[in-house]
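> Sending over a structure as structure tokens; questions will come in a sec.
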Protein chains: 2
Amino acid sequence: MAQQVEAARRVPLNRDRVLRAAVALADDTGIESLSMRRLAQELGVVPMALYKHVANKEQLLDGMVDVVVAGIDPPAGGSDWRGTVRQRILSARQALLRHRWASRVIESRSVPTPAVLAYLDSMIGMFRDGGFSVDLTHHVMHAMGSRLMGFTQELFDDSGAAGQAAPPAGLAAAYPRIAELAGAAAHDRESAVGRSCDDQFEFEFALDLLLDGFDRLHRQGWTSAPGTR
Amino acid sequence: MAQQVEAARRVPLNRDRVLRAAVALADDTGIESLSMRRLAQELGVVPMALYKHVANKEQLLDGMVDVVVAGIDPPAGGSDWRGTVRQRILSARQALLRHRWASRVIESRSVPTPAVLAYLDSMIGMFRDGGFSVDLTHHVMHAMGSRLMGFTQELFDDSGAAGQAAPPAGLAAAYPRIAELAGAAAHDRESAVGRSCDDQFEFEFALDLLLDGFDRLHRQGWTSAPGTR
DNA sequence: ACCTGAACACCGTTCAAGT
DNA sequence: ACCTGAACACCGTTCAAGT
């Protein structure tokens with residue numbers, strides 16, 4: 001480790017090394033403790049040296065987003081739109097899971113980065129190549145980016161110690177419906193240690209539900225019928 | 001305004017006034033410029049005075065989330081699950097739109113606040129009362145909280161000056177599919193000034209697609225079939 | 001010309017000294 | 001007992017002084 005730092009000090013700094021170090025630091029210690037000063041220290045460099053390679057912290061975050069998005073697998077040139085889209089989305093999910101801070105940072109950016117635009121562009125292409133109209137593709141893209149509730153995500157992921165499934169008694173009394181769900185979810189899981197929901201399953205459940213909907217609308221020749229809006 | 005501050009100074013501080021002022025400040029100046037010190041100043045109070053009412057900034061943010069969630073309309077005791085859910089989700093969307101920082105703050109919280117839990121609990125209740133199994137309800141809740149792509153949201157919302165629709169020429173060349181979509185979206189809009197997408201329409205499009213899917217699964221008596229996973 | 005230490009204008013929070 | 005100023009350990013970034 002100290003050896004690594006030594007080696008790092010010899011290599012001249014460049015934008016790429018700065019970004020990779022920032023991503024690694026955010027992965028290890030959380031995005032909220034990523035500071036220009038700590039990052040510089042990690043690189044064995046004076047804080048001001050970073051400003052040679054990124055204009056400011058905002059641009060550093062933009063660059064970090066691009067590093068993450070670059071980690072998404074390229075589109076597999078499959079035949080059917082559905083399989084291609086599905087595989088790409090699942091790959092993007094993997095990339096975002098590797099960097100838990102990423103989705104929040106992406107959301108905080110005011111303008112999308114080039115890598116994000118390229119990703120969206122290629123995703124649009126998959127639907128268009130599958131015969132989707134511009135109109136339907138447009139709404140489909142919005143649907144995939146929207147979240148109907150601002151929460152839920154990791155609700156039952158009690159990431160505490162060796163997880164026994166039972167929720168605290170107080171909680172069960174105050175929120176009986178949640179307790180019922182959490183209890184059931186914990187029950188029908190064989191290896192109910194640690195986390196009680198299979199997040200991958202939940203994600204694919206939502207994904208397939210939407211893809212089903214897209215497919216149906218596409219086959220019906222759906223239009224948003226501009227006149228009526 | 002100065003008058004308001006004067007009046008505020010007379011009234012003794014309490015948790016509720018602190019939270020409301022914090023929400024207003026975040027609404028006005030953005031969440032990233034909300035600091036304990038600025039908030040104290042806004043309230044005509046020394047920074048340390050705030051710590052009588054919130055343990056720290058994290059707890060302040062929790063409290064702010066609860067204020068926002070409290071602004072969601074109570075469930076309308078309608079007959080059908082679909083209408084009730086739909087209306088509640090749309091009301092929640094309105095609450096989150098009134099406070100643009102809210103969804104990001106909610107996402108950053110490590111444990112959900114009581115108000116969020118109560119909201120989720122009541123939402124679960126709507127599906128259960130509509131005859132949904134615990135199993136299906138569980139997955140439905142996850143589906144409503146998930147986002148398939150980490151972005152898209154306000155992509156084409158060029159919040160620049162009096163919006164002419166044409167995207168920058170460079171962008172069109174680099175991301176032709178995006179340009180195509182953006183152009184089409186701008187075209188079929190009568191009042192194409194300012195924003196080119198009707199966000200409310202997009203949201204309801206995604207919402208109805210998912211509700212359709214839920215309805216279908218429910219009617220089919222869908223189960224997650226634990227044995228096969 | 002490049003690099004960098006000190007400085008500026010901020011943070012959240014602790015703590016001891018004042019009333 | 002309550003309140004609060006000063007202080008501590010941080011920030012991001014500017015800028016002038018050093019090489």
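In the structure tokens, chains take letters A, B, ... by order of appearance, with residues numbered from 1 within each chain and ligands from 1 in the order shown.
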Tell me which protein, DNA and RNA residues are within 12 Å of DG5 in chain D, counting only C-alpha atoms (C1' of nucleotides), leaving out same-chain ones fewer than 6 positions away, and put them as a list in words.
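Near neighbours after the sequence-gap exclusion: Val46, Pro47 and Met48 of chain B; DC15, DA16, DA17 and DG18 of chain C.
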> Convert the current residue selection to file output with C-alpha atoms (C1' of nucleotides), as a short mmCIF file (atom, residue, chain, number, x, y, z; two decimals), in the first residue's frame.

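Listing of out.cif after writing:
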```
data_model
loop_
_atom_site.label_atom_id
_atom_site.label_comp_id
_atom_site.auth_asym_id
_atom_site.auth_seq_id
_atom_site.Cartn_x
_atom_site.Cartn_y
_atom_site.Cartn_z
CA VAL B 46 -26.95 32.11 16.70
CA PRO B 47 -25.94 28.85 14.94
CA MET B 48 -25.70 26.88 18.17
"C1'" DC C 15 -16.65 22.89 24.68
"C1'" DA C 16 -15.61 25.90 28.12
"C1'" DA C 17 -16.58 30.17 29.78
"C1'" DG C 18 -20.07 33.33 30.74
#
```
> Could you list, as a PyMOL selection string, every residue of chain C that has an atom within 10 Å of an atom of chain B, counting only C-alpha atoms (C1' of nucleotides)?
chain C and resi 10-13
> When you draw a straight line from CA of His142 in chain A to CA of Glu180 in chain B, how long is it in Å?
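Separating CA of His142 in chain A from CA of Glu180 in chain B is a distance of 14.8 Å.
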> Would you write out, as a Markdown table, a table of all residues in chain B that have an atom no more than 8 Å from an atom of chain A, listing for each the closest atom pair and the distance in Å to one decimal, considering only C-alpha atoms and ordering rows by chain and rising residue number?

```
| residue | atom | partner | partner_atom | distance |
| --- | --- | --- | --- | --- |
| B:Ile89 | CA | A:Leu148 | CA | 6.9 |
| B:Ala92 | CA | A:Met149 | CA | 7.7 |
| B:Arg93 | CA | A:Met149 | CA | 7.9 |
| B:Ser103 | CA | A:Gly150 | CA | 5.6 |
| B:Arg104 | CA | A:Arg104 | CA | 7.0 |
| B:Ile106 | CA | A:Phe151 | CA | 6.9 |
| B:Glu107 | CA | A:Phe151 | CA | 6.7 |
| B:Ser108 | CA | A:Arg104 | CA | 7.7 |
| B:Val111 | CA | A:Leu155 | CA | 7.9 |
| B:Pro112 | CA | A:Leu155 | CA | 7.4 |
| B:Leu117 | CA | A:Tyr175 | CA | 7.1 |
| B:Ala118 | CA | A:Tyr175 | CA | 6.6 |
| B:Leu120 | CA | A:Ile178 | CA | 7.4 |
| B:Asp121 | CA | A:Arg177 | CA | 5.4 |
| B:Ser122 | CA | A:Arg177 | CA | 7.6 |
| B:Ile124 | CA | A:Arg177 | CA | 6.2 |
| B:Gly125 | CA | A:Arg177 | CA | 6.2 |
| B:Val134 | CA | A:Leu181 | CA | 6.1 |
| B:Asp135 | CA | A:Ala184 | CA | 7.3 |
| B:Thr137 | CA | A:Leu181 | CA | 7.9 |
| B:His138 | CA | A:Leu181 | CA | 6.0 |
| B:His139 | CA | A:Glu202 | CA | 6.2 |
| B:Val140 | CA | A:Ala206 | CA | 7.9 |
| B:Met141 | CA | A:Thr152 | CA | 7.1 |
| B:His142 | CA | A:Glu202 | CA | 6.1 |
| B:Ala143 | CA | A:Ala206 | CA | 4.6 |
| B:Met144 | CA | A:Leu148 | CA | 5.2 |
| B:Gly145 | CA | A:Met149 | CA | 5.0 |
| B:Ser146 | CA | A:Arg147 | CA | 6.0 |
| B:Arg147 | CA | A:Arg147 | CA | 5.1 |
| B:Leu148 | CA | A:Met144 | CA | 5.2 |
| B:Met149 | CA | A:Gly145 | CA | 5.0 |
| B:Gly150 | CA | A:Ser103 | CA | 5.6 |
| B:Phe151 | CA | A:Gly145 | CA | 5.5 |
| B:Thr152 | CA | A:Gly145 | CA | 5.0 |
| B:Gln153 | CA | A:Gly145 | CA | 5.7 |
| B:Leu155 | CA | A:Pro112 | CA | 7.4 |
| B:Tyr175 | CA | A:Asp121 | CA | 5.8 |
| B:Pro176 | CA | A:Asp121 | CA | 7.3 |
| B:Arg177 | CA | A:Asp121 | CA | 5.4 |
| B:Ile178 | CA | A:Asp121 | CA | 5.5 |
| B:Glu180 | CA | A:Val134 | CA | 7.5 |
| B:Leu181 | CA | A:His138 | CA | 6.0 |
| B:Ala184 | CA | A:Val134 | CA | 7.2 |
| B:Ala185 | CA | A:Asp135 | CA | 7.5 |
| B:Asp188 | CA | A:Pro226 | CA | 6.3 |
| B:Arg189 | CA | A:Pro226 | CA | 7.4 |
| B:Glu202 | CA | A:His142 | CA | 6.1 |
| B:Phe203 | CA | A:Ser146 | CA | 6.9 |
| B:Phe205 | CA | A:Ala143 | CA | 7.0 |
| B:Ala206 | CA | A:Ala143 | CA | 4.6 |
| B:Leu207 | CA | A:Leu148 | CA | 6.7 |
| B:Leu209 | CA | A:Gly213 | CA | 5.9 |
| B:Leu210 | CA | A:Leu210 | CA | 6.4 |
| B:Asp212 | CA | A:Gly213 | CA | 8.0 |
| B:Gly213 | CA | A:Leu209 | CA | 5.9 |
| B:Pro226 | CA | A:Asp188 | CA | 6.3 |
```
> Since we have the selection now, will you write its residues out, keeping C-alpha atoms, as a PDB file, in the first residue's frame?

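Saved as out.pdb:
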```
ATOM      1  CA  ILE B  89     -48.841   8.554  -6.373  1.00  0.00           C
ATOM      2  CA  ALA B  92     -46.761  12.411  -3.922  1.00  0.00           C
ATOM      3  CA  ARG B  93     -45.302  13.559  -7.211  1.00  0.00           C
ATOM      4  CA  SER B 103     -36.065  13.065  -3.782  1.00  0.00           C
ATOM      5  CA  ARG B 104     -32.303  13.365  -3.670  1.00  0.00           C
ATOM      6  CA  ILE B 106     -34.704  11.008   0.627  1.00  0.00           C
ATOM      7  CA  GLU B 107     -32.361   8.807  -1.353  1.00  0.00           C
ATOM      8  CA  SER B 108     -29.391   9.887   0.727  1.00  0.00           C
ATOM      9  CA  VAL B 111     -32.915   4.846   7.408  1.00  0.00           C
ATOM     10  CA  PRO B 112     -36.387   5.882   6.250  1.00  0.00           C
ATOM     11  CA  LEU B 117     -42.698   4.446   6.566  1.00  0.00           C
ATOM     12  CA  ALA B 118     -46.269   5.560   7.186  1.00  0.00           C
ATOM     13  CA  LEU B 120     -45.325   3.153   2.393  1.00  0.00           C
ATOM     14  CA  ASP B 121     -47.501   1.351   4.892  1.00  0.00           C
ATOM     15  CA  SER B 122     -50.634   3.024   3.605  1.00  0.00           C
ATOM     16  CA  ILE B 124     -49.160  -1.334   0.779  1.00  0.00           C
ATOM     17  CA  GLY B 125     -52.581  -1.280   2.379  1.00  0.00           C
ATOM     18  CA  VAL B 134     -48.678 -10.323   0.138  1.00  0.00           C
ATOM     19  CA  ASP B 135     -46.294 -11.817  -2.377  1.00  0.00           C
ATOM     20  CA  THR B 137     -47.739  -6.627  -3.255  1.00  0.00           C
ATOM     21  CA  HIS B 138     -44.158  -7.047  -2.163  1.00  0.00           C
ATOM     22  CA  HIS B 139     -42.827  -7.092  -5.700  1.00  0.00           C
ATOM     23  CA  VAL B 140     -45.190  -4.353  -6.794  1.00  0.00           C
ATOM     24  CA  MET B 141     -43.800  -2.068  -4.107  1.00  0.00           C
ATOM     25  CA  HIS B 142     -40.280  -2.734  -5.254  1.00  0.00           C
ATOM     26  CA  ALA B 143     -41.234  -2.096  -8.866  1.00  0.00           C
ATOM     27  CA  MET B 144     -42.668   1.289  -7.979  1.00  0.00           C
ATOM     28  CA  GLY B 145     -39.489   2.275  -6.188  1.00  0.00           C
ATOM     29  CA  SER B 146     -37.055   1.186  -8.842  1.00  0.00           C
ATOM     30  CA  ARG B 147     -35.695   3.148 -11.720  1.00  0.00           C
ATOM     31  CA  LEU B 148     -34.461   1.252 -14.724  1.00  0.00           C
ATOM     32  CA  MET B 149     -32.000   3.870 -15.841  1.00  0.00           C
ATOM     33  CA  GLY B 150     -30.145   6.197 -13.551  1.00  0.00           C
ATOM     34  CA  PHE B 151     -30.917   9.194 -15.674  1.00  0.00           C
ATOM     35  CA  THR B 152     -33.131  10.590 -18.473  1.00  0.00           C
ATOM     36  CA  GLN B 153     -35.318  12.658 -16.199  1.00  0.00           C
ATOM     37  CA  LEU B 155     -32.824  15.529 -20.443  1.00  0.00           C
ATOM     38  CA  TYR B 175     -25.979  11.944 -30.706  1.00  0.00           C
ATOM     39  CA  PRO B 176     -28.276  11.640 -33.718  1.00  0.00           C
ATOM     40  CA  ARG B 177     -30.861   9.476 -31.989  1.00  0.00           C
ATOM     41  CA  ILE B 178     -31.261  11.944 -29.166  1.00  0.00           C
ATOM     42  CA  GLU B 180     -34.229  12.935 -33.541  1.00  0.00           C
ATOM     43  CA  LEU B 181     -36.257  12.408 -30.396  1.00  0.00           C
ATOM     44  CA  ALA B 184     -39.935  15.264 -32.774  1.00  0.00           C
ATOM     45  CA  ALA B 185     -40.948  16.065 -29.225  1.00  0.00           C
ATOM     46  CA  ASP B 188     -45.775  18.068 -32.043  1.00  0.00           C
ATOM     47  CA  ARG B 189     -46.133  20.484 -29.188  1.00  0.00           C
ATOM     48  CA  GLU B 202     -44.509  11.132 -19.308  1.00  0.00           C
ATOM     49  CA  PHE B 203     -45.001  10.323 -15.666  1.00  0.00           C
ATOM     50  CA  PHE B 205     -47.476   7.099 -19.152  1.00  0.00           C
ATOM     51  CA  ALA B 206     -45.004   5.164 -16.997  1.00  0.00           C
ATOM     52  CA  LEU B 207     -47.452   4.954 -14.118  1.00  0.00           C
ATOM     53  CA  LEU B 209     -47.969   1.068 -17.902  1.00  0.00           C
ATOM     54  CA  LEU B 210     -46.945  -0.345 -14.540  1.00  0.00           C
ATOM     55  CA  ASP B 212     -51.622  -2.182 -16.223  1.00  0.00           C
ATOM     56  CA  GLY B 213     -48.945  -4.763 -15.539  1.00  0.00           C
ATOM     57  CA  PRO B 226     -40.403 -19.496  -4.410  1.00  0.00           C
TER      58      PRO B 226
END
```
> For the atom pair CA of Val68 in chain A and CA of Leu50 in chain A, what is the interatomic distance in Å to one decimal place?
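Separation between CA of Val68 in chain A and CA of Leu50 in chain A: 19.9 Å.
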> According to DSSP computed on the backbone, where in range 40-212 of chain A is there helix (DSSP H, G or I)? Give the residues as a ChimeraX atom specification.
/A:40-42,47-52,57-70,81-98,102-108,114-129,134-145,169-174,176-187,199-212
